[in-house]
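What follows is the content of final_14.txt (compact mmCIF, C-alpha atoms).
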# COMPACT_ATOMS: atom_id res chain seq x y z
CA MET L 48 -48.75 -2.97 29.04
CA SER L 49 -50.05 -5.83 31.20
CA ILE L 50 -52.88 -6.47 28.70
CA ARG L 51 -51.68 -8.93 26.07
CA ASN L 52 -53.64 -7.55 23.10
CA TYR L 53 -52.49 -4.02 23.79
CA ARG L 54 -48.91 -5.15 24.38
CA LEU L 55 -48.84 -6.87 20.99
CA TYR L 56 -50.41 -3.88 19.29
CA ALA L 57 -48.14 -1.31 20.95
CA ALA L 58 -44.98 -3.19 19.98
CA GLY L 59 -46.07 -3.62 16.38
CA ALA L 60 -47.31 -0.05 16.10
CA LEU L 61 -44.05 1.42 17.38
CA VAL L 62 -42.04 -0.54 14.81
CA SER L 63 -44.46 0.44 12.05
CA ASN L 64 -44.58 4.11 13.05
CA VAL L 65 -40.79 4.40 13.07
CA GLY L 66 -40.60 2.49 9.79
CA THR L 67 -43.11 4.86 8.22
CA TRP L 68 -40.95 7.85 9.00
CA VAL L 69 -37.84 6.00 7.85
CA GLY L 70 -39.59 5.56 4.51
CA ARG L 71 -40.69 9.17 4.33
CA VAL L 72 -37.25 10.55 5.10
CA ALA L 73 -35.58 8.14 2.65
CA GLN L 74 -38.05 9.29 0.04
CA ASP L 75 -37.33 12.95 0.86
CA TRP L 76 -33.57 12.37 0.77
CA VAL L 77 -33.83 10.79 -2.67
CA VAL L 78 -35.94 13.67 -3.97
CA LEU L 79 -33.58 16.25 -2.50
CA THR L 80 -30.24 14.71 -3.45
CA GLU L 81 -30.81 12.27 -6.35
CA LEU L 82 -33.90 13.24 -8.33
CA THR L 83 -33.38 17.01 -8.02
CA ASP L 84 -30.55 19.38 -7.23
CA HIS L 85 -31.62 20.21 -3.65
CA ASP L 86 -34.96 21.55 -4.86
CA ALA L 87 -36.90 22.36 -1.69
CA ALA L 88 -40.03 23.22 -3.68
CA ALA L 89 -40.09 19.75 -5.29
CA LEU L 90 -39.63 18.19 -1.87
CA GLY L 91 -42.50 20.27 -0.53
CA LEU L 92 -44.74 19.11 -3.38
CA VAL L 93 -44.00 15.43 -2.74
CA THR L 94 -44.72 15.91 0.95
CA ALA L 95 -47.95 17.74 0.16
CA LEU L 96 -49.13 14.89 -2.08
CA GLN L 97 -48.44 12.41 0.70
CA PHE L 98 -50.49 14.31 3.25
CA ALA L 99 -53.27 15.80 1.09
CA PRO L 100 -55.50 12.67 1.22
CA VAL L 101 -55.43 12.85 5.03
CA VAL L 102 -57.34 16.12 4.74
CA LEU L 103 -59.53 15.32 1.75
CA LEU L 104 -60.66 11.91 3.00
CA ALA L 105 -60.78 12.62 6.76
CA PRO L 106 -64.58 12.71 7.24
CA LEU L 107 -65.11 9.61 5.10
CA ALA L 108 -62.22 7.72 6.74
CA GLY L 109 -63.56 8.51 10.20
CA ALA L 110 -67.02 7.26 9.25
CA PHE L 111 -65.45 4.02 7.99
CA ALA L 112 -63.54 3.63 11.26
CA ASP L 113 -66.79 3.92 13.24
CA ALA L 114 -68.83 1.70 10.92
CA TYR L 115 -66.57 -1.32 10.28
CA PRO L 116 -64.42 -3.63 12.45
CA LYS L 117 -61.28 -1.66 13.19
CA ARG L 118 -59.01 -4.70 13.28
CA ARG L 119 -59.95 -5.62 9.70
CA LEU L 120 -59.54 -2.03 8.51
CA LEU L 121 -56.04 -1.93 9.99
CA VAL L 122 -55.09 -5.12 8.15
CA LEU L 123 -56.28 -3.51 4.92
CA SER L 124 -54.49 -0.19 5.43
CA GLN L 125 -51.22 -1.73 6.64
CA SER L 126 -51.16 -4.14 3.69
CA ALA L 127 -51.66 -1.26 1.26
CA LEU L 128 -48.84 0.72 2.87
CA ALA L 129 -46.53 -2.30 2.72
CA LEU L 130 -47.22 -2.86 -0.99
CA THR L 131 -46.62 0.78 -1.97
CA SER L 132 -43.44 0.88 0.09
CA ALA L 133 -42.21 -2.31 -1.57
CA LEU L 134 -42.88 -0.81 -5.00
CA LEU L 135 -40.81 2.29 -4.21
CA ALA L 136 -38.02 0.10 -2.82
CA VAL L 137 -37.87 -1.85 -6.08
CA LEU L 138 -37.71 1.38 -8.11
CA LEU L 139 -34.89 2.74 -5.95
CA LEU L 140 -32.87 -0.48 -5.91
CA THR L 141 -33.14 -0.87 -9.68
CA ASP L 142 -32.30 2.80 -10.23
CA THR L 143 -35.52 3.37 -12.20
CA ALA L 144 -37.19 5.84 -9.84
CA SER L 145 -38.40 9.15 -11.24
CA LEU L 146 -39.87 12.22 -9.58
CA GLY L 147 -43.26 11.49 -11.09
CA ALA L 148 -43.26 7.90 -9.80
CA VAL L 149 -42.30 9.05 -6.31
CA MET L 150 -45.15 11.59 -6.37
CA ALA L 151 -47.69 8.95 -7.45
CA ILE L 152 -46.59 6.49 -4.75
CA ALA L 153 -46.61 9.25 -2.12
CA PHE L 154 -50.21 10.09 -3.02
CA ALA L 155 -51.25 6.41 -2.88
CA GLN L 156 -49.66 6.07 0.55
CA GLY L 157 -51.54 9.16 1.65
CA ILE L 158 -54.84 7.48 0.78
CA ALA L 159 -53.97 4.42 2.87
CA THR L 160 -52.75 6.62 5.73
CA ALA L 161 -56.03 8.57 5.72
CA LEU L 162 -57.86 5.37 6.69
CA ASP L 163 -55.11 4.02 8.94
CA ASN L 164 -54.71 7.01 11.27
CA PRO L 165 -58.21 7.39 12.77
CA THR L 166 -58.69 3.63 12.90
CA ARG L 167 -55.49 3.19 14.90
CA GLN L 168 -56.40 5.95 17.32
CA ALA L 169 -59.94 4.65 17.92
CA PHE L 170 -58.85 1.00 18.18
CA VAL L 171 -57.01 1.66 21.46
CA SER L 172 -60.24 1.90 23.48
CA GLU L 173 -61.27 -1.56 22.24
CA MET L 174 -58.18 -3.25 23.69
CA VAL L 175 -58.18 -1.94 27.27
CA PRO L 176 -60.78 -1.46 30.01
CA GLU L 177 -61.94 2.07 30.73
CA SER L 178 -59.84 2.21 33.89
CA ARG L 179 -56.67 1.84 31.77
CA LEU L 180 -57.78 4.04 28.89
CA THR L 181 -55.94 7.20 29.95
CA ASN L 182 -52.57 5.45 30.10
CA ALA L 183 -53.23 3.48 26.90
CA VAL L 184 -54.16 6.62 24.99
CA GLY L 185 -51.07 8.36 26.32
CA LEU L 186 -48.81 5.48 25.28
CA ASN L 187 -50.40 5.22 21.84
CA SER L 188 -50.10 8.95 21.25
CA ALA L 189 -46.50 8.91 22.50
CA SER L 190 -45.66 6.03 20.14
CA PHE L 191 -47.23 7.75 17.14
CA ASN L 192 -45.67 11.15 17.77
CA ALA L 193 -42.30 9.87 19.04
CA ALA L 194 -41.90 7.99 15.77
CA ARG L 195 -42.39 11.28 13.95
CA LEU L 196 -39.32 12.60 15.76
CA ILE L 197 -37.24 9.41 16.13
CA GLY L 198 -37.87 8.06 12.64
CA PRO L 199 -35.87 10.72 10.76
CA GLY L 200 -32.81 10.01 12.90
CA VAL L 201 -33.02 6.29 12.29
CA ALA L 202 -33.53 6.99 8.60
CA GLY L 203 -30.41 9.13 8.41
CA LEU L 204 -28.31 6.38 9.92
CA LEU L 205 -29.81 3.74 7.61
CA ILE L 206 -29.40 5.87 4.50
CA ALA L 207 -25.74 6.43 5.35
CA SER L 208 -25.08 2.74 5.99
CA ILE L 209 -27.28 0.80 3.54
CA GLY L 210 -28.73 3.43 1.18
CA ALA L 211 -32.19 4.81 0.52
CA GLY L 212 -33.43 1.75 -1.38
CA TRP L 213 -32.70 -0.71 1.40
CA SER L 214 -34.06 1.79 3.94
CA MET L 215 -37.34 1.53 2.05
CA VAL L 216 -37.13 -2.25 2.37
CA VAL L 217 -36.84 -1.78 6.13
CA ASN L 218 -39.96 0.37 6.00
CA THR L 219 -41.81 -2.36 4.09
CA LEU L 220 -40.89 -4.96 6.69
CA SER L 221 -42.00 -2.65 9.53
CA PHE L 222 -45.61 -2.94 8.37
CA VAL L 223 -45.39 -6.69 8.79
CA ALA L 224 -44.92 -6.12 12.53
CA VAL L 225 -48.43 -4.67 12.82
CA LEU L 226 -49.95 -7.39 10.65
CA VAL L 227 -48.36 -10.07 12.84
CA ALA L 228 -49.55 -8.31 16.01
CA LEU L 229 -53.12 -8.04 14.70
CA ALA L 230 -53.14 -11.71 13.72
CA ALA L 231 -51.83 -12.77 17.14
CA MET L 232 -54.52 -10.92 19.10
CA ASN L 233 -57.28 -12.74 20.95
CA PRO L 234 -60.54 -11.37 19.46
CA ARG L 235 -62.53 -12.51 22.51
CA GLU L 236 -60.62 -10.07 24.69
CA LEU L 237 -61.46 -7.04 22.54
CA ARG L 238 -64.22 -4.60 23.52
CA PRO L 239 -65.64 -3.40 20.19
CA ALA L 240 -67.27 0.01 20.33
CA PRO L 241 -70.88 0.23 19.08
CA ARG L 242 -70.71 0.43 15.31
CA ARG L 243 -72.47 3.24 13.58
CA LYS L 244 -75.21 2.18 11.15
CA GLY L 245 -77.13 4.15 8.56
CA ARG L 246 -76.37 7.34 6.73
CA GLY L 247 -75.24 10.71 8.04
CA GLY L 248 -72.11 9.54 9.83
CA VAL L 249 -69.86 12.15 8.24
CA ARG L 250 -72.30 14.95 9.08
CA GLU L 251 -72.68 13.75 12.65
CA GLY L 252 -68.95 13.93 13.32
CA LEU L 253 -68.64 17.42 11.84
CA VAL L 254 -71.62 18.74 13.78
CA TYR L 255 -70.31 17.25 17.00
CA VAL L 256 -66.96 19.02 16.71
CA GLN L 257 -68.75 22.22 15.72
CA GLY L 258 -70.50 22.11 19.08
CA ARG L 259 -67.32 21.60 21.11
CA ARG L 260 -65.39 24.86 21.54
CA ASP L 261 -62.74 23.16 23.66
CA LEU L 262 -61.97 20.70 20.86
CA GLN L 263 -61.89 23.50 18.31
CA LEU L 264 -59.32 25.40 20.39
CA ILE L 265 -57.05 22.37 20.73
CA MET L 266 -57.37 21.46 17.06
CA GLY L 267 -56.54 25.04 16.07
CA LEU L 268 -53.30 24.97 18.08
CA VAL L 269 -52.42 21.55 16.70
CA PHE L 270 -53.03 22.81 13.15
CA VAL L 271 -50.51 25.63 13.54
CA LEU L 272 -47.95 23.33 15.18
CA GLY L 273 -48.38 20.60 12.57
CA THR L 274 -48.45 22.96 9.59
CA PHE L 275 -45.58 25.31 10.40
CA GLY L 276 -43.62 23.76 13.26
CA MET L 277 -43.48 20.02 12.59
CA ASN L 278 -41.77 19.92 9.20
CA PHE L 279 -38.61 18.39 10.64
CA GLN L 280 -38.13 16.05 7.68
CA ILE L 281 -37.70 19.18 5.54
CA THR L 282 -36.11 21.67 7.92
CA THR L 283 -33.53 19.30 9.38
CA ALA L 284 -32.51 18.07 5.93
CA LEU L 285 -32.12 21.64 4.67
CA MET L 286 -30.16 22.76 7.74
CA ALA L 287 -27.88 19.73 7.48
CA THR L 288 -27.17 20.04 3.75
CA THR L 289 -27.20 23.80 3.09
CA VAL L 290 -26.15 25.42 6.38
CA PHE L 291 -23.81 22.88 8.01
CA HIS L 292 -22.90 20.98 4.80
CA ALA L 293 -23.28 17.63 6.56
CA ASP L 294 -23.28 14.21 4.92
CA ALA L 295 -25.97 11.54 5.41
CA ARG L 296 -24.30 10.14 8.55
CA ALA L 297 -24.09 13.54 10.22
CA TYR L 298 -27.67 14.18 9.16
CA GLY L 299 -28.69 10.98 10.93
CA VAL L 300 -26.92 12.03 14.11
CA ILE L 301 -28.52 15.48 14.01
CA SER L 302 -31.95 13.94 13.62
CA SER L 303 -31.32 11.34 16.30
CA VAL L 304 -30.57 13.82 19.06
CA MET L 305 -34.15 15.01 18.87
CA ALA L 306 -35.15 11.49 19.87
CA VAL L 307 -33.62 12.05 23.32
CA GLY L 308 -36.23 14.66 24.14
CA SER L 309 -38.93 12.66 22.40
CA LEU L 310 -38.25 9.54 24.47
CA ALA L 311 -38.33 11.58 27.67
CA ALA L 312 -41.70 13.03 26.65
CA ALA L 313 -43.03 9.56 25.81
CA LEU L 314 -42.08 8.22 29.24
CA LEU L 315 -43.71 11.19 30.94
CA ALA L 316 -46.87 10.73 28.86
CA ALA L 317 -47.17 7.10 29.96
CA ARG L 318 -47.06 8.16 33.62
CA ARG L 319 -49.39 11.13 33.30
CA LYS L 320 -52.74 10.63 35.01
CA ALA L 321 -54.70 13.15 32.97
CA PRO L 322 -53.92 15.75 30.30
CA SER L 323 -54.35 19.46 31.00
CA LEU L 324 -54.50 22.60 28.93
CA ARG L 325 -51.85 24.17 31.12
CA LEU L 326 -49.35 21.52 30.08
CA LEU L 327 -50.27 21.98 26.42
CA MET L 328 -49.71 25.74 26.59
CA LEU L 329 -46.39 25.40 28.44
CA ALA L 330 -45.19 22.85 25.89
CA LEU L 331 -46.04 25.20 23.02
CA VAL L 332 -44.21 28.09 24.68
CA SER L 333 -41.16 25.87 25.16
CA PHE L 334 -41.31 24.77 21.54
CA THR L 335 -41.38 28.39 20.41
CA VAL L 336 -38.31 29.34 22.43
CA PHE L 337 -36.08 26.35 21.70
CA SER L 338 -36.96 26.01 18.01
CA ALA L 339 -36.00 29.68 17.57
CA LEU L 340 -32.69 29.02 19.31
CA ALA L 341 -32.10 26.01 17.03
CA ALA L 342 -32.77 28.15 13.97
CA ILE L 343 -30.08 30.69 14.89
CA ALA L 344 -27.55 28.14 16.21
CA ALA L 345 -24.01 29.10 15.24
CA ASN L 346 -22.81 25.54 14.62
CA VAL L 347 -24.08 22.01 14.20
CA TRP L 348 -23.38 21.08 17.83
CA LEU L 349 -25.55 23.88 19.24
CA PHE L 350 -28.18 23.01 16.69
CA GLY L 351 -28.24 19.43 17.94
CA ILE L 352 -28.36 20.50 21.60
CA PHE L 353 -31.39 22.74 21.03
CA LEU L 354 -33.18 19.96 19.16
CA VAL L 355 -33.41 17.94 22.40
CA PRO L 356 -35.85 20.32 24.15
CA VAL L 357 -37.59 20.87 20.81
CA GLY L 358 -38.32 17.13 20.70
CA LEU L 359 -39.47 17.12 24.32
CA ALA L 360 -41.76 20.13 23.89
CA SER L 361 -43.29 19.08 20.58
CA LEU L 362 -44.07 15.53 21.66
CA THR L 363 -45.49 16.73 24.99
CA ALA L 364 -47.79 19.13 23.16
CA LEU L 365 -48.97 16.48 20.70
CA THR L 366 -49.54 13.72 23.27
CA THR L 367 -51.42 16.11 25.54
CA ALA L 368 -53.64 17.35 22.72
CA ASN L 369 -54.26 13.82 21.42
CA ALA L 370 -55.18 12.42 24.82
CA THR L 371 -57.44 15.36 25.60
CA VAL L 372 -59.43 14.88 22.41
CA GLN L 373 -59.70 11.09 22.68
CA LEU L 374 -60.72 11.02 26.32
CA SER L 375 -63.46 13.60 25.86
CA VAL L 376 -65.26 11.79 23.03
CA ALA L 377 -67.66 8.84 23.31
CA PRO L 378 -66.41 5.61 21.65
CA ALA L 379 -69.10 5.64 18.95
CA LEU L 380 -67.85 9.02 17.70
CA ARG L 381 -64.16 8.57 18.34
CA GLY L 382 -63.23 7.42 14.84
CA ARG L 383 -64.80 10.44 13.17
CA VAL L 384 -63.46 12.96 15.66
CA MET L 385 -59.96 11.49 15.56
CA ALA L 386 -60.07 11.52 11.76
CA LEU L 387 -60.67 15.27 11.90
CA TYR L 388 -57.93 15.66 14.51
CA MET L 389 -55.41 13.72 12.44
CA ALA L 390 -56.45 15.61 9.32
CA ILE L 391 -55.75 18.88 11.08
CA LEU L 392 -52.46 17.64 12.55
CA MET L 393 -51.03 16.02 9.43
CA GLY L 394 -53.20 17.55 6.75
CA GLY L 395 -51.78 21.01 7.24
CA THR L 396 -48.62 19.68 5.66
CA PRO L 397 -49.95 20.08 2.08
CA VAL L 398 -50.11 23.79 2.86
CA GLY L 399 -47.08 24.09 5.09
CA ALA L 400 -44.61 21.86 3.25
CA PRO L 401 -44.61 23.73 -0.10
CA LEU L 402 -44.55 27.03 1.79
CA ILE L 403 -41.61 25.88 3.92
CA GLY L 404 -39.85 24.67 0.77
CA TRP L 405 -40.37 28.05 -0.91
CA ILE L 406 -39.11 29.85 2.19
CA GLY L 407 -36.03 27.63 2.20
CA ASN L 408 -35.28 28.43 -1.44
CA THR L 409 -35.97 32.15 -1.05
CA PHE L 410 -34.76 33.11 2.42
CA GLY L 411 -32.57 30.20 3.49
CA ALA L 412 -32.87 27.11 5.67
CA ARG L 413 -32.84 28.96 9.00
CA TRP L 414 -36.10 30.70 8.15
CA THR L 415 -37.84 27.36 7.61
CA ILE L 416 -37.56 26.83 11.36
CA LEU L 417 -38.05 30.45 12.42
CA VAL L 418 -41.37 30.66 10.59
CA GLY L 419 -42.62 27.74 12.69
CA SER L 420 -41.39 29.36 15.89
CA ILE L 421 -43.15 32.61 15.08
CA ALA L 422 -46.39 30.94 13.98
CA VAL L 423 -46.63 28.66 17.04
CA GLY L 424 -45.71 31.53 19.37
CA LEU L 425 -48.41 33.81 17.94
CA ALA L 426 -51.04 31.06 18.00
CA THR L 427 -50.22 30.24 21.63
CA LEU L 428 -50.43 33.92 22.56
CA VAL L 429 -53.79 34.36 20.84
CA ALA L 430 -55.16 31.18 22.46
CA GLY L 431 -53.94 32.28 25.88
CA VAL L 432 -55.55 35.71 25.57
CA ALA L 433 -58.79 34.16 24.34
CA LEU L 434 -58.86 31.73 27.23
CA MET L 435 -58.22 34.42 29.81
CA HIS L 436 -61.14 36.43 28.43
CA ALA L 437 -63.48 33.47 28.06
CA ARG L 438 -66.65 33.83 30.05
CA HIS L 439 -67.48 31.43 32.86
CA TYR L 440 -63.80 30.79 33.61
CA ASP L 441 -61.21 32.54 35.68
CA SER L 442 -57.53 32.07 34.81
CA ARG L 443 -56.98 29.20 37.22
CA ASP L 444 -60.05 27.35 35.95
CA VAL L 445 -58.93 27.68 32.37
CA MET L 446 -55.30 26.66 32.81
CA ALA L 447 -56.26 23.62 34.90
CA MET L 448 -58.95 22.54 32.44
CA ARG L 449 -59.35 18.81 32.00
CA PRO L 450 -61.16 17.07 29.17
CA ARG L 451 -64.73 16.02 29.70
CA LEU L 452 -64.46 12.25 29.98
CA HIS L 453 -67.13 10.31 28.15
CA ARG L 454 -69.65 8.60 30.38
CA SER L 455 -70.03 5.00 29.22
CA GLU L 456 -72.59 4.89 26.43
CA ARG L 457 -75.24 7.21 27.84
CA ASP L 458 -76.00 8.85 24.49
CA LEU L 459 -75.72 5.71 22.39
CA ASP L 460 -79.32 4.67 23.00
CA HIS L 461 -80.51 7.43 20.71
CA THR L 462 -80.84 7.05 16.98
CA ASP L 463 -78.30 8.71 14.73
CA ASP L 464 -80.72 11.52 13.83
CA GLU L 465 -81.48 12.17 17.50
CA ARG L 466 -77.78 12.39 18.33
CA VAL L 467 -77.14 14.78 15.45
CA SER L 468 -80.08 16.95 16.51
CA ALA L 469 -78.86 17.00 20.11
CA VAL L 470 -75.35 17.98 19.09
CA ALA L 471 -76.65 20.64 16.72
CA SER L 472 -78.77 22.09 19.50
CA VAL L 473 -75.74 22.35 21.76
CA SER L 474 -73.80 24.07 18.98
CA ALA L 475 -76.60 26.52 18.27
CA GLY L 476 -77.02 27.29 21.94
CA GLN L 477 -73.41 28.28 22.56
CA SER L 478 -72.53 31.95 22.72
CA GLY L 479 -70.46 33.17 19.81
CA ASP L 480 -68.34 35.57 21.89
CA ALA L 481 -66.90 32.96 24.22
CA ALA L 482 -63.61 31.38 23.26
CA VAL L 483 -64.38 28.25 25.24
CA ARG L 484 -67.87 27.37 26.46
CA GLU L 485 -68.08 23.80 27.70
CA PRO L 486 -69.77 23.68 31.13
CA ALA L 487 -69.14 19.96 31.52
CA VAL L 488 -65.42 20.55 31.24
CA ARG L 489 -65.48 23.00 34.11
CA GLU L 490 -67.58 20.62 36.11
CA SER L 491 -64.98 17.90 35.54
CA ALA L 492 -62.12 20.21 36.47
CA ALA L 493 -63.82 21.21 39.67

Can you turn what I pasted into structure tokens?
Amino acid sequence: MSIRNYRLYAAGALVSNVGTWVGRVAQDWVVLTELTDHDAAALGLVTALQFAPVVLLAPLAGAFADAYPKRRLLVLSQSALALTSALLAVLLLTDTASLGAVMAIAFAQGIATALDNPTRQAFVSEMVPESRLTNAVGLNSASFNAARLIGPGVAGLLIASIGAGWSMVVNTLSFVAVLVALAAMNPRELRPAPRRKGRGGVREGLVYVQGRRDLQLIMGLVFVLGTFGMNFQITTALMATTVFHADARAYGVISSVMAVGSLAAALLAARRKAPSLRLLMLALVSFTVFSALAAIAANVWLFGIFLVPVGLASLTALTTANATVQLSVAPALRGRVMALYMAILMGGTPVGAPLIGWIGNTFGARWTILVGSIAVGLATLVAGVALMHARHYDSRDVMAMRPRLHRSERDLDHTDDERVSAVASVSAGQSGDAAVREPAVRESAA
């Protein structure tokens, strides 16, 4: 935080990230309580529309992030998000909002978010020297993921005190924080990554990830967590309204307690020297246990207590996975790889959200959380077994695995076609029966 550009960016990004989730929860609350009669399926559809573009546009958005100045792209994406949020605020305040209008705005915001996410993630390395990159990535990941857990709590309190329409106004103003931060930066102190030129950028990113079994494993775990376990804006609302019969203020308090664990995880992430697979696996196991306990909680107080370790475990898992992926990818490829990562993390929602909504309508709110516990637990078990049986690793090697840190720009002297060919050769040369086969990772861990 001693670097001025990063300090400005981090402050603005935290405000914007929290505001984004305030807007999403306000939108969900309106759909659930005003535009429908607690229709979880309709809520799931709106959520799916908001996250679908993150999946559909991920390769293209990542290529844009690597090909154009990231600071300018962020101004564009944040402005688009502010305008769509302002439009929804006007509709809510004038009592003219409809379910169709909310769906259309959610989809438009999803398009802007598809560009914003990978650009934000990749921009971090341009603001700090390489010696500070690990901490900066950890802080950025903590800010992004903590907002996902803190935002719903703030939204609940705002909805109860000023209403959903004015909560959307707050969301609109939060985007201004990033725009001000970007304008106040000193461009001379930035370290722009080499920009990709020519065609084939989308293909290059896909082929690169195809050749990295370690990244595939992490992204697979993140997909299950994001798709089935991180639907708090749906599950918490359903538990509050249908199980505990809480009002908006109580819903805000319930959501806020998760922020206690999230803040603790964010502070730990900022101090962590390097991510490890062991920490990721332990966090996923903890998430499985405590989310299951929250699902079967007998009363609202126990539910809130169990949400604290759920917040800690989920944010620890996400920050560890995010930092591992970012630190193991060269800057020239980071935008495309992070676009795929964010698509997998957030893009599973178009599948998970409608499914969770259907489960809530059919089996009850408790099962919306239990399904996530079961899915994450099974995925963690399968990943653990696969790792223990992976060739070229013993159990201690695997569980202490560190990401392969990129080495300056050693492969950036090649042309795009040469880099794609090199990556494809690595992919083709890897054994299909090994769960993880990345010799450089083991070399780093040793």

(request) Would you list the residues near (-42.6, 21.8, 20.7) (no more than 6 Å away, in the coordinates of the file, using only C-alpha atoms) as an MDAnalysis selection string? (result) chainID L and resid 330:331 334 357 360:361

Dump as a PDB file, in the coordinates of the input, selection limited to C-alpha atoms:
ATOM      1  CA  ALA L 330     -45.190  22.850  25.890  1.00  0.00           C
ATOM      2  CA  LEU L 331     -46.040  25.200  23.020  1.00  0.00           C
ATOM      3  CA  PHE L 334     -41.310  24.770  21.540  1.00  0.00           C
ATOM      4  CA  VAL L 357     -37.590  20.870  20.810  1.00  0.00           C
ATOM      5  CA  ALA L 360     -41.760  20.130  23.890  1.00  0.00           C
ATOM      6  CA  SER L 361     -43.290  19.080  20.580  1.00  0.00           C
TER       7      SER L 361
END

(request) Between atom CA of L:Thr83 and atom CA of L:Ala339, measure the distance and give it in Å to one decimal. (result) 28.7 Å

(message) For L:Ala153, find every residue with an atom within 10 Å (counting all atoms listed in the file), except residues of its own chain fewer than 2 positions away, and show them as a list in words.
(response)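 Residues near the query, excluding close chain neighbours: Arg71, Gln74, Val93, Thr94, Ala95, Leu96, Gln97, Phe98, Ala99, Thr131, Ser132, Leu135, Gly147, Ala148, Val149, Met150, Ala151, Ala155, Gln156, Gly157 and Ile158 of chain L.
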
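One finds atom CA of L:Thr288 at 12.8 Å from atom CA of L:Asn408.
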
(request) Give me, please, the distance in Å between atom CA of L:Arg238 and atom CA of L:Arg259, quoted to one decimal. (result)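 Here the two named atoms are 26.5 Å from each other.
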
(request) Measuring atom to atom with all atoms listed in the file, identify which of L:Val398, L:Ala311, L:Leu82, L:Ala386 is nearest to L:Leu104. (result) L:Ala386

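Within the 7 Å cut-off around stretch 415-420 of chain L, using only C-alpha atoms and omitting residues fewer than 3 positions from it on the same chain, the listed residues are Phe275, Gly276, Thr282, Thr335, Ser338, Ala339, Ala342, Ile403, Ile406, Gly407, Ala412, Val423 and Gly424 of chain L.
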
(request) Rank nothing, just name the residue among L:Val269, L:Leu329, L:Leu237, L:Val432 nearest to L:Leu392, using all atoms listed in the file. (result)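 That would be L:Val269, the residue with the smallest distance to L:Leu392.
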
(message) Restricting the calculation to only C-alpha atoms: of L:Ala169, L:Ile391, L:Ile343, L:Leu226, which residue gets closest to L:Val376?
(response)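 Checking each of L:Ala169, L:Ile391, L:Ile343, L:Leu226 against L:Val376, counting only C-alpha atoms, the winner is L:Ala169.
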
(message) When you look at L:Leu92 with a cut-off of 8 Å (counting all atoms listed in the file), what residues show up, excluding the ones that are within fewer than 4 positions of it in the same chain? I need them as number ranges by chain.
(response) L: 88, 96, 397, 400-401

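Of the residues under consideration (L:Ala161, L:Val171, L:Ile265, L:Ala426), L:Val171 shows the shortest atom-to-atom contact distance to L:Leu186 when counting only C-alpha atoms.
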
(request) Point out the residue among L:Asn187, L:Asn52, L:Thr289, L:Thr274 with the least atom-to-atom distance to L:Thr366, counting only C-alpha atoms. (result) L:Asn187

Please output stretch 66-74 of chain L, rebuilt to include N, CA, C and O atoms, as a PDB file, keeping the file's coordinate frame.
ATOM      1  N   GLY L  66     -40.866   2.880  11.160  1.00  0.00           N
ATOM      2  CA  GLY L  66     -40.600   2.490   9.790  1.00  0.00           C
ATOM      3  C   GLY L  66     -41.235   3.443   8.786  1.00  0.00           C
ATOM      4  O   GLY L  66     -40.652   3.756   7.735  1.00  0.00           O
ATOM      5  N   THR L  67     -42.430   3.912   9.101  1.00  0.00           N
ATOM      6  CA  THR L  67     -43.110   4.860   8.220  1.00  0.00           C
ATOM      7  C   THR L  67     -42.287   6.115   8.018  1.00  0.00           C
ATOM      8  O   THR L  67     -42.128   6.609   6.891  1.00  0.00           O
ATOM      9  N   TRP L  68     -41.745   6.633   9.112  1.00  0.00           N
ATOM     10  CA  TRP L  68     -40.950   7.850   9.000  1.00  0.00           C
ATOM     11  C   TRP L  68     -39.582   7.583   8.380  1.00  0.00           C
ATOM     12  O   TRP L  68     -39.005   8.450   7.723  1.00  0.00           O
ATOM     13  N   VAL L  69     -39.061   6.374   8.566  1.00  0.00           N
ATOM     14  CA  VAL L  69     -37.840   6.000   7.850  1.00  0.00           C
ATOM     15  C   VAL L  69     -38.097   6.068   6.343  1.00  0.00           C
ATOM     16  O   VAL L  69     -37.301   6.616   5.575  1.00  0.00           O
ATOM     17  N   GLY L  70     -39.241   5.523   5.924  1.00  0.00           N
ATOM     18  CA  GLY L  70     -39.590   5.560   4.510  1.00  0.00           C
ATOM     19  C   GLY L  70     -39.788   6.965   3.991  1.00  0.00           C
ATOM     20  O   GLY L  70     -39.350   7.305   2.890  1.00  0.00           O
ATOM     21  N   ARG L  71     -40.444   7.799   4.777  1.00  0.00           N
ATOM     22  CA  ARG L  71     -40.690   9.170   4.330  1.00  0.00           C
ATOM     23  C   ARG L  71     -39.396   9.957   4.194  1.00  0.00           C
ATOM     24  O   ARG L  71     -39.211  10.719   3.233  1.00  0.00           O
ATOM     25  N   VAL L  72     -38.508   9.800   5.164  1.00  0.00           N
ATOM     26  CA  VAL L  72     -37.250  10.550   5.100  1.00  0.00           C
ATOM     27  C   VAL L  72     -36.369  10.024   3.977  1.00  0.00           C
ATOM     28  O   VAL L  72     -35.713  10.801   3.270  1.00  0.00           O
ATOM     29  N   ALA L  73     -36.347   8.698   3.780  1.00  0.00           N
ATOM     30  CA  ALA L  73     -35.580   8.140   2.650  1.00  0.00           C
ATOM     31  C   ALA L  73     -36.117   8.674   1.338  1.00  0.00           C
ATOM     32  O   ALA L  73     -35.352   9.037   0.432  1.00  0.00           O
ATOM     33  N   GLN L  74     -37.420   8.727   1.240  1.00  0.00           N
ATOM     34  CA  GLN L  74     -38.050   9.290   0.040  1.00  0.00           C
ATOM     35  C   GLN L  74     -37.645  10.753  -0.138  1.00  0.00           C
ATOM     36  O   GLN L  74     -37.278  11.182  -1.245  1.00  0.00           O
TER      37      GLN L  74
END
